[in-house]
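Step one of this worksheet: look at the structure below.
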Amino acid sequence: MDIAPIRAILGAMRLFALTALVMIAFASNSVLNRMAVHDAGWGPAETGFVRLSSGALVLLALAIRAKGTAGLRMPPAILGTGVATLSLYIFGFSIASGLIDAGVGALTLFGMVQITMFAGALWMREPISLWRWIGAGLAFAGLAVLLLPASGGADIDPRGFGLMALGGVGWGLYSLNGRRVGIPLTATALNFALAAPLALIWMLGVGDWGQGASWGWWPAILSGAVTSGLGYALWYRVLPQIPASLAAIAQLSVPLLAALGGAVLLAEIPSARFWLSAALVIGGIALSLRRKA
């Protein structure tokens, strides 16, 4: 009996399960940070520091296990840019998590990452297809919909939207910088480790510690050690096994998963405006992935 087809099917199912697990981890970051900053009343700087430091411990342990301490090397220019853009992401994301719902935050972040990377492609004069232009326009329109005045519901806090958009710019620039990195796991470990002291300075500078409920520790640590640290490590393991287009499409599920998690765990029910915005943002990004025939 030929068991090769069975092995292939089991391998594909395992790869699908691992990819789905990573997407859930990425979406969980929005929910966990919202729980720490908004529900537990933790300061955003304190949350960001705990997330970065716990994530750094996990990522450094995995990087050393894979390459040894001698492998913890990175060109200073690439490392410096990575730390700066990661810190910008943590700054905007952590503060905004206390101001807007998890689903809205994930959608804003996700949309701004794609728009930033599109702008980066323009800056680097990469060839851009018509579909990518249309997709970027739809994604931008979807984010604009989030800021429209609400009818019968609460408006989205413009400060939260702006700060989450800033975090999306930071992560988009971080992703663009990551294209120059040969060993992404090592680079991410070093970036987290060097960004953590900057978050500590931020926390001490604004006196943003020791507040909120004690249970805020666990969502902050989970966001760093598990959904960031282990999540990124697993993503870098899965990524080489799937086509780039499939990896991009898989990430379209992140805002929807975050909205679902916010609804179940935080009782944040998405509005009709959110779904309209999500359709435009996610549809625009999906269109931008189309290749010219």
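To be explicit about the labels: the chains of the structure tokens are called A, B, and onward in the order shown, and within each one the residues are counted from 1, while ligands get numbers from 1 in the order they are shown.
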Selection near range 236-240 of chain A, 7 Å with only C-alpha atoms, sequence-local residues under 3 positions removed, as a count of residues only: 5
Contact residues around Ser223 in chain A with only C-alpha atoms at 8 Å, ignoring same-chain residues under 2 positions, as a ChimeraX atom specification: /A:28-29,32-33,51,55,219-221,225-228
Could you save the residues just selected, with C-alpha atoms, as an mmCIF file, in the first residue's frame?
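selection-v1.cif written:
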```
data_model
loop_
_atom_site.group_PDB
_atom_site.id
_atom_site.type_symbol
_atom_site.label_atom_id
_atom_site.label_comp_id
_atom_site.auth_asym_id
_atom_site.auth_seq_id
_atom_site.Cartn_x
_atom_site.Cartn_y
_atom_site.Cartn_z
ATOM 1 C CA SER A 28 -4.284 37.722 19.932
ATOM 2 C CA ASN A 29 -1.737 40.520 20.346
ATOM 3 C CA LEU A 32 -4.160 40.799 24.957
ATOM 4 C CA ASN A 33 -2.809 44.342 24.829
ATOM 5 C CA ARG A 51 5.892 42.584 26.160
ATOM 6 C CA GLY A 55 9.430 38.338 24.029
ATOM 7 C CA PRO A 219 -1.932 39.266 29.174
ATOM 8 C CA ALA A 220 1.216 41.438 28.938
ATOM 9 C CA ILE A 221 3.550 38.445 29.349
ATOM 10 C CA ALA A 225 6.485 35.482 25.317
ATOM 11 C CA VAL A 226 3.798 33.488 23.500
ATOM 12 C CA THR A 227 1.917 35.398 20.796
ATOM 13 C CA SER A 228 4.943 37.536 19.867
#
```
Counting only C-alpha atoms, the residue of A:Ala45, A:Leu99, A:Val206, A:Leu109 that sits nearest Ala139 in chain A: A:Leu109
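Using only C-alpha atoms for every distance, the candidate list A:Ala278, A:Ile249, A:Ala187, A:Ile285 yields A:Ala187 as the residue closest to Gly82 in chain A.
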Find the nearest atom pair between each residue of range 205-292 of chain A and range 114-136 of chain A for residues within 6 Å, count only C-alpha atoms, give distances in Å to one decimal, sort rows by chain and ascending number, and present the table as a tab-separated table.
```
residue	atom	partner	partner_atom	distance
A:Gly284	CA	A:Gly135	CA	3.7
A:Ile285	CA	A:Gly135	CA	5.3
A:Leu287	CA	A:Gly135	CA	5.2
A:Ser288	CA	A:Arg132	CA	3.8
```
Would you mind exporting the chosen residues as a PDB file, in the first residue's frame, restricted to N, CA, C and O atoms?
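Below is the file that was written, again_32.pdb:
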```pdb
ATOM      1  N   GLY A 284      -9.135  45.221  -0.725  1.00  0.00           N
ATOM      2  CA  GLY A 284      -8.095  45.970  -1.416  1.00  0.00           C
ATOM      3  C   GLY A 284      -6.764  45.254  -1.377  1.00  0.00           C
ATOM      4  O   GLY A 284      -6.042  45.185  -2.382  1.00  0.00           O
ATOM      5  N   ILE A 285      -6.427  44.698  -0.223  1.00  0.00           N
ATOM      6  CA  ILE A 285      -5.161  43.977  -0.114  1.00  0.00           C
ATOM      7  C   ILE A 285      -5.194  42.710  -0.953  1.00  0.00           C
ATOM      8  O   ILE A 285      -4.198  42.346  -1.595  1.00  0.00           O
ATOM      9  N   LEU A 287      -6.853  42.289  -3.713  1.00  0.00           N
ATOM     10  CA  LEU A 287      -6.681  42.712  -5.104  1.00  0.00           C
ATOM     11  C   LEU A 287      -5.217  43.025  -5.417  1.00  0.00           C
ATOM     12  O   LEU A 287      -4.728  42.726  -6.510  1.00  0.00           O
ATOM     13  N   SER A 288      -4.535  43.619  -4.454  1.00  0.00           N
ATOM     14  CA  SER A 288      -3.138  43.999  -4.691  1.00  0.00           C
ATOM     15  C   SER A 288      -2.240  42.787  -4.849  1.00  0.00           C
ATOM     16  O   SER A 288      -1.133  42.883  -5.358  1.00  0.00           O
TER      17      SER A 288
END
```
Alpha helix (DSSP H) call set, DSSP backbone run, range 162-269 of chain A, as a PyMOL selection string: chain A and resi 162-178+184-206+217-221+231-238+244-250+253-266
Separation of CA of Ala61 in chain A from CA of Leu230 in chain A, in Å and rounded to one decimal: 10.7 Å
